[in-house]
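Visitor: Sending over input-v5.csv (CSV, C-alpha atoms).
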```csv
chain,number,residue,atom,x,y,z
I,1,MET,CA,6.9,-43.6,3.6
I,2,SER,CA,6.3,-41.0,0.8
I,3,ASP,CA,8.7,-40.3,-2.0
I,4,PRO,CA,11.0,-37.2,-1.7
I,5,TYR,CA,9.5,-34.1,-3.3
I,6,TRP,CA,12.1,-34.3,-6.1
I,7,ALA,CA,11.4,-38.0,-7.1
I,8,ALA,CA,10.4,-38.3,-10.8
I,9,THR,CA,6.7,-38.7,-11.5
I,10,THR,CA,4.6,-38.9,-14.6
I,11,THR,CA,2.5,-35.9,-13.5
I,12,CYS,CA,3.9,-32.5,-12.5
I,13,ARG,CA,3.8,-32.1,-8.7
I,14,ALA,CA,3.0,-28.5,-9.0
I,15,CYS,CA,0.2,-28.3,-11.7
I,16,GLY,CA,-0.7,-31.9,-12.7
I,17,ARG,CA,0.4,-31.7,-16.3
I,18,GLN,CA,2.6,-34.4,-17.8
I,19,SER,CA,6.1,-34.2,-16.3
I,20,VAL,CA,9.2,-34.0,-18.3
I,21,ALA,CA,10.8,-37.5,-18.4
I,22,GLY,CA,12.8,-38.1,-15.3
I,23,SER,CA,11.5,-35.0,-13.6
I,24,TYR,CA,8.9,-34.1,-11.0
I,25,LEU,CA,7.8,-31.0,-12.9
I,26,CYS,CA,6.4,-30.2,-16.4
I,27,ALA,CA,8.0,-28.1,-19.1
I,28,ARG,CA,6.0,-25.1,-17.9
I,29,CYS,CA,6.8,-25.4,-14.2
I,30,ARG,CA,10.5,-26.3,-14.4
I,31,PRO,CA,11.6,-22.8,-15.4
I,32,ILE,CA,9.7,-21.3,-12.5
I,33,MET,CA,11.3,-23.6,-10.0
I,34,GLY,CA,14.7,-23.0,-11.5
I,35,ARG,CA,14.7,-19.2,-11.4
I,36,ILE,CA,18.0,-18.1,-9.9
I,37,GLU,CA,18.2,-16.1,-6.6
I,38,THR,CA,20.4,-13.1,-7.5
I,39,ARG,CA,20.4,-11.5,-4.1
I,40,LYS,CA,23.4,-12.1,-1.7
I,41,ASP,CA,23.5,-13.1,1.9
I,42,PRO,CA,25.1,-10.7,4.5
I,43,GLN,CA,28.5,-12.2,3.7
I,44,GLY,CA,28.1,-11.4,0.0
I,45,ARG,CA,27.6,-15.0,-1.1
I,46,GLY,CA,24.8,-16.1,-3.4
I,47,ARG,CA,21.8,-17.4,-1.5
I,48,GLY,CA,20.5,-20.9,-1.9
I,49,VAL,CA,16.9,-21.6,-2.7
I,50,ASP,CA,14.4,-23.8,-0.7
I,51,LYS,CA,12.9,-25.9,-3.5
I,52,GLN,CA,10.5,-27.6,-1.1
I,53,ALA,CA,9.1,-24.2,-0.2
I,54,ARG,CA,8.9,-23.2,-3.8
I,55,LEU,CA,7.0,-26.4,-4.7
I,56,ARG,CA,4.7,-25.8,-1.8
I,57,ALA,CA,4.0,-22.3,-3.0
I,58,MET,CA,3.5,-23.5,-6.6
I,59,LYS,CA,0.9,-26.1,-5.5
I,60,GLN,CA,-1.0,-23.6,-3.4
I,61,GLN,CA,-1.0,-20.8,-6.0
I,62,PHE,CA,-1.9,-22.9,-9.0
I,63,ASP,CA,-5.4,-22.3,-10.2
I,64,PRO,CA,-6.9,-25.0,-12.4
I,65,SER,CA,-9.7,-22.7,-13.5
I,66,ILE,CA,-7.2,-20.6,-15.4
I,67,ASP,CA,-4.6,-23.4,-15.9
I,68,GLY,CA,-2.0,-21.1,-14.4
I,69,TYR,CA,-0.6,-19.4,-11.3
I,70,ARG,CA,-2.0,-16.4,-9.4
I,71,CYS,CA,-0.1,-13.7,-7.5
I,72,TYR,CA,-0.1,-14.4,-3.8
I,73,PHE,CA,-0.9,-10.8,-2.9
I,74,THR,CA,-3.3,-9.7,-5.6
I,75,LYS,CA,-4.6,-13.1,-7.0
I,76,VAL,CA,-4.2,-11.7,-10.6
I,77,PRO,CA,-3.1,-14.4,-13.1
I,78,LEU,CA,0.7,-14.4,-13.5
I,79,GLU,CA,2.6,-14.3,-16.7
I,80,LEU,CA,5.4,-16.8,-16.9
I,81,ALA,CA,7.4,-14.8,-19.5
I,82,ALA,CA,9.7,-12.2,-18.0
I,83,GLY,CA,9.5,-8.5,-18.7
I,84,THR,CA,6.0,-7.4,-17.7
I,85,ARG,CA,4.5,-6.1,-14.5
I,86,ARG,CA,2.5,-9.3,-14.2
I,87,SER,CA,5.6,-11.6,-14.7
I,88,ALA,CA,5.9,-14.2,-11.9
I,89,GLU,CA,8.7,-13.6,-9.4
I,90,TRP,CA,9.7,-15.3,-6.2
I,91,ALA,CA,8.9,-13.1,-3.2
I,92,HIS,CA,9.7,-13.6,0.4
I,93,LEU,CA,7.0,-13.1,3.0
I,94,THR,CA,9.9,-12.5,5.5
I,95,ALA,CA,12.9,-10.8,3.8
I,96,GLY,CA,15.7,-13.3,3.3
I,97,ASP,CA,13.8,-16.3,4.6
I,98,GLU,CA,13.9,-18.8,1.7
I,99,SER,CA,11.2,-21.0,3.4
I,100,SER,CA,8.7,-18.1,3.1
I,101,VAL,CA,8.7,-17.8,-0.7
I,102,VAL,CA,5.6,-17.2,-2.7
I,103,LEU,CA,5.0,-16.3,-6.4
I,104,ALA,CA,4.1,-12.6,-6.9
I,105,CYS,CA,3.7,-10.4,-9.8
I,106,LYS,CA,6.8,-8.3,-10.5
I,107,LEU,CA,5.2,-5.0,-9.7
I,108,VAL,CA,4.0,-6.0,-6.2
I,109,ASN,CA,7.2,-8.0,-5.5
I,110,ARG,CA,9.3,-4.9,-6.2
I,111,MET,CA,7.0,-2.9,-3.9
I,112,GLN,CA,7.3,-5.3,-0.9
I,113,THR,CA,11.0,-6.4,-1.3
I,114,ASP,CA,12.3,-5.1,2.1
I,115,LEU,CA,9.1,-5.7,4.1
I,116,THR,CA,7.6,-8.6,5.9
I,117,GLU,CA,4.0,-9.5,5.0
I,118,PRO,CA,2.4,-7.6,7.9
I,119,GLU,CA,4.6,-4.5,7.3
I,120,PHE,CA,3.7,-4.6,3.6
I,121,ASP,CA,0.0,-4.9,4.4
I,122,ALA,CA,0.1,-2.0,6.9
I,123,LEU,CA,2.0,0.2,4.5
I,124,VAL,CA,-0.3,-0.4,1.6
I,125,LYS,CA,-3.4,0.3,3.7
I,126,ALA,CA,-1.8,3.5,5.0
I,127,LEU,CA,-1.1,4.6,1.5
I,128,ALA,CA,-4.7,3.8,0.4
I,129,ARG,CA,-6.0,6.0,3.3
I,130,HIS,CA,-3.6,8.7,2.3
I,131,PHE,CA,-4.8,8.6,-1.3
I,132,GLU,CA,-8.3,9.1,0.0
I,133,GLY,CA,-7.2,12.4,1.7
I,134,GLU,CA,-6.1,11.3,5.2
I,135,PRO,CA,-2.6,12.3,6.5
I,136,PHE,CA,0.0,9.5,6.0
I,137,ASP,CA,0.5,7.4,9.1
I,138,GLU,CA,4.3,7.4,9.5
I,139,SER,CA,4.1,4.8,12.3
I,140,VAL,CA,3.7,2.1,9.6
I,141,PHE,CA,7.3,2.6,8.6
I,142,PRO,CA,9.3,-0.5,9.9
I,143,PRO,CA,11.7,0.5,12.6
I,144,GLY,CA,15.5,0.3,12.2
I,145,ARG,CA,15.8,-0.4,8.5
```
Could you spell out this file's structure in structure tokens?

Guide:
Amino acid sequence: MSDPYWAATTTCRACGRQSVAGSYLCARCRPIMGRIETRKDPQGRGRGVDKQARLRAMKQQFDPSIDGYRCYFTKVPLELAAGTRRSAEWAHLTAGDESSVVLACKLVNRMQTDLTEPEFDALVKALARHFEGEPFDESVFPPGR
């Protein structure tokens, strides 16, 4: 039987660096995992986070060639400090589904906030075609929201 994801290890379970004593993450990765979810559920309560989903995303998006994380959508290197368009943020591939989180740059995350991954993909492609001179395809707008 394997240890639970949160069991302390000597190496960071996300990136492989040396973990903080008594933790499963290093000093760089702990703040990413610990970012607070500020959005509310339909009843107005704070949402919980799925730390296993976050760890899974961190493992998948860590790129050892740059010793850092890449944006899920664009693959650009993410900045861990807040305040820039490339700052790492937690994004949901399905709005409100904590098990579907990925790391995304702030700019793209803000663009896709209310869309599922397929809806976001379709909208961005329709915008690109429109920027090339085609009429905008209004059918890509998600229904009922």

Visitor: Can you tell me how far CA of Cys15 (chain I) sits from CA of Cys105 (chain I), in Å to one decimal?

Guide: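 Result for CA of Cys15 (chain I) versus CA of Cys105 (chain I): 18.3 Å, one decimal.
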
Visitor: Quick one: pull the distance between CA of Glu117 (chain I) and CA of Leu93 (chain I), Å, one decimal.

Guide: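 Interatomic distance, CA of Glu117 (chain I) to CA of Leu93 (chain I): 5.1 Å.
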
Visitor: Of the candidates I:Gly22, I:Pro143, I:Gly48, I:Gly68, which one gets nearest to Leu103 (chain I) if we count only C-alpha atoms?

Guide: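 Looking at the shortest contact to Leu103 (chain I), the residue is I:Gly68.
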
Visitor: Between CA of Glu37 (chain I) and CA of Pro118 (chain I), measure the distance and give it in Å to one decimal.

Guide: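 Computed distance, CA of Glu37 (chain I) to CA of Pro118 (chain I), equals 23.1 Å.
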
Visitor: I need every residue sitting at most 12 Å from the point (5.7, -10.6, -10.8) (coordinates as in the file, only C-alpha atoms considered), written as a PyMOL selection string.

Guide: chain I and resi 32+69-91+102-113

Visitor: Restricting the calculation to all atoms listed in the file: of I:Ser65, I:Leu115, I:Ala128, I:Gln43, which residue gets closest to Pro142 (chain I)?

Guide: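 When distances to Pro142 (chain I) are compared using all atoms listed in the file, the smallest one comes from I:Leu115.
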
Visitor: Could you give me, as a PDB file with C-alpha atoms, in the coordinates of the input, the residues within 7 Å of region 25-29 of chain I, counting only C-alpha atoms and dropping anything in the same chain fewer than 3 positions from it?

Guide:
```pdb
ATOM      1  CA  CYS I  12       3.900 -32.500 -12.500  1.00  0.00           C
ATOM      2  CA  ARG I  13       3.800 -32.100  -8.700  1.00  0.00           C
ATOM      3  CA  ALA I  14       3.000 -28.500  -9.000  1.00  0.00           C
ATOM      4  CA  ARG I  17       0.400 -31.700 -16.300  1.00  0.00           C
ATOM      5  CA  GLN I  18       2.600 -34.400 -17.800  1.00  0.00           C
ATOM      6  CA  SER I  19       6.100 -34.200 -16.300  1.00  0.00           C
ATOM      7  CA  VAL I  20       9.200 -34.000 -18.300  1.00  0.00           C
ATOM      8  CA  ILE I  32       9.700 -21.300 -12.500  1.00  0.00           C
ATOM      9  CA  MET I  33      11.300 -23.600 -10.000  1.00  0.00           C
TER      10      MET I  33
END
```

Visitor: For region 135-138 of chain I, find every residue with an atom within 10 Å (counting all atoms listed in the file), except residues of its own chain fewer than 4 positions away, and show them as a short mmCIF file (atom, residue, chain, number, x, y, z; two decimals) with C-alpha atoms, in the coordinates of the input.

Guide:
```
data_model
loop_
_atom_site.label_atom_id
_atom_site.label_comp_id
_atom_site.auth_asym_id
_atom_site.auth_seq_id
_atom_site.Cartn_x
_atom_site.Cartn_y
_atom_site.Cartn_z
CA ALA I 122 0.10 -2.00 6.90
CA LEU I 123 2.00 0.20 4.50
CA LYS I 125 -3.40 0.30 3.70
CA ALA I 126 -1.80 3.50 5.00
CA LEU I 127 -1.10 4.60 1.50
CA ALA I 128 -4.70 3.80 0.40
CA ARG I 129 -6.00 6.00 3.30
CA HIS I 130 -3.60 8.70 2.30
CA PHE I 131 -4.80 8.60 -1.30
CA PRO I 142 9.30 -0.50 9.90
#
```

Visitor: Select, from I:Thr11, I:Lys59, I:Asp121, I:Arg54, the residue with the minimum atom-to-atom distance to Asp97 (chain I), counting only C-alpha atoms.

Guide: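 For Asp97 (chain I), the nearest of the given residues is I:Arg54.
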
Visitor: Skip region 1-5 of chain I itself and residues of its chain fewer than 4 positions away, then list as a compact mmCIF listing (two decimals) with C-alpha atoms, in the frame of the given file all residues within 10 Å of it, counting only C-alpha atoms.

Guide:
```txt
# COMPACT_ATOMS: atom_id res chain seq x y z
CA THR I 9 6.70 -38.70 -11.50
CA ARG I 13 3.80 -32.10 -8.70
CA TYR I 24 8.90 -34.10 -11.00
CA LYS I 51 12.90 -25.90 -3.50
CA GLN I 52 10.50 -27.60 -1.10
CA LEU I 55 7.00 -26.40 -4.70
CA ARG I 56 4.70 -25.80 -1.80
```
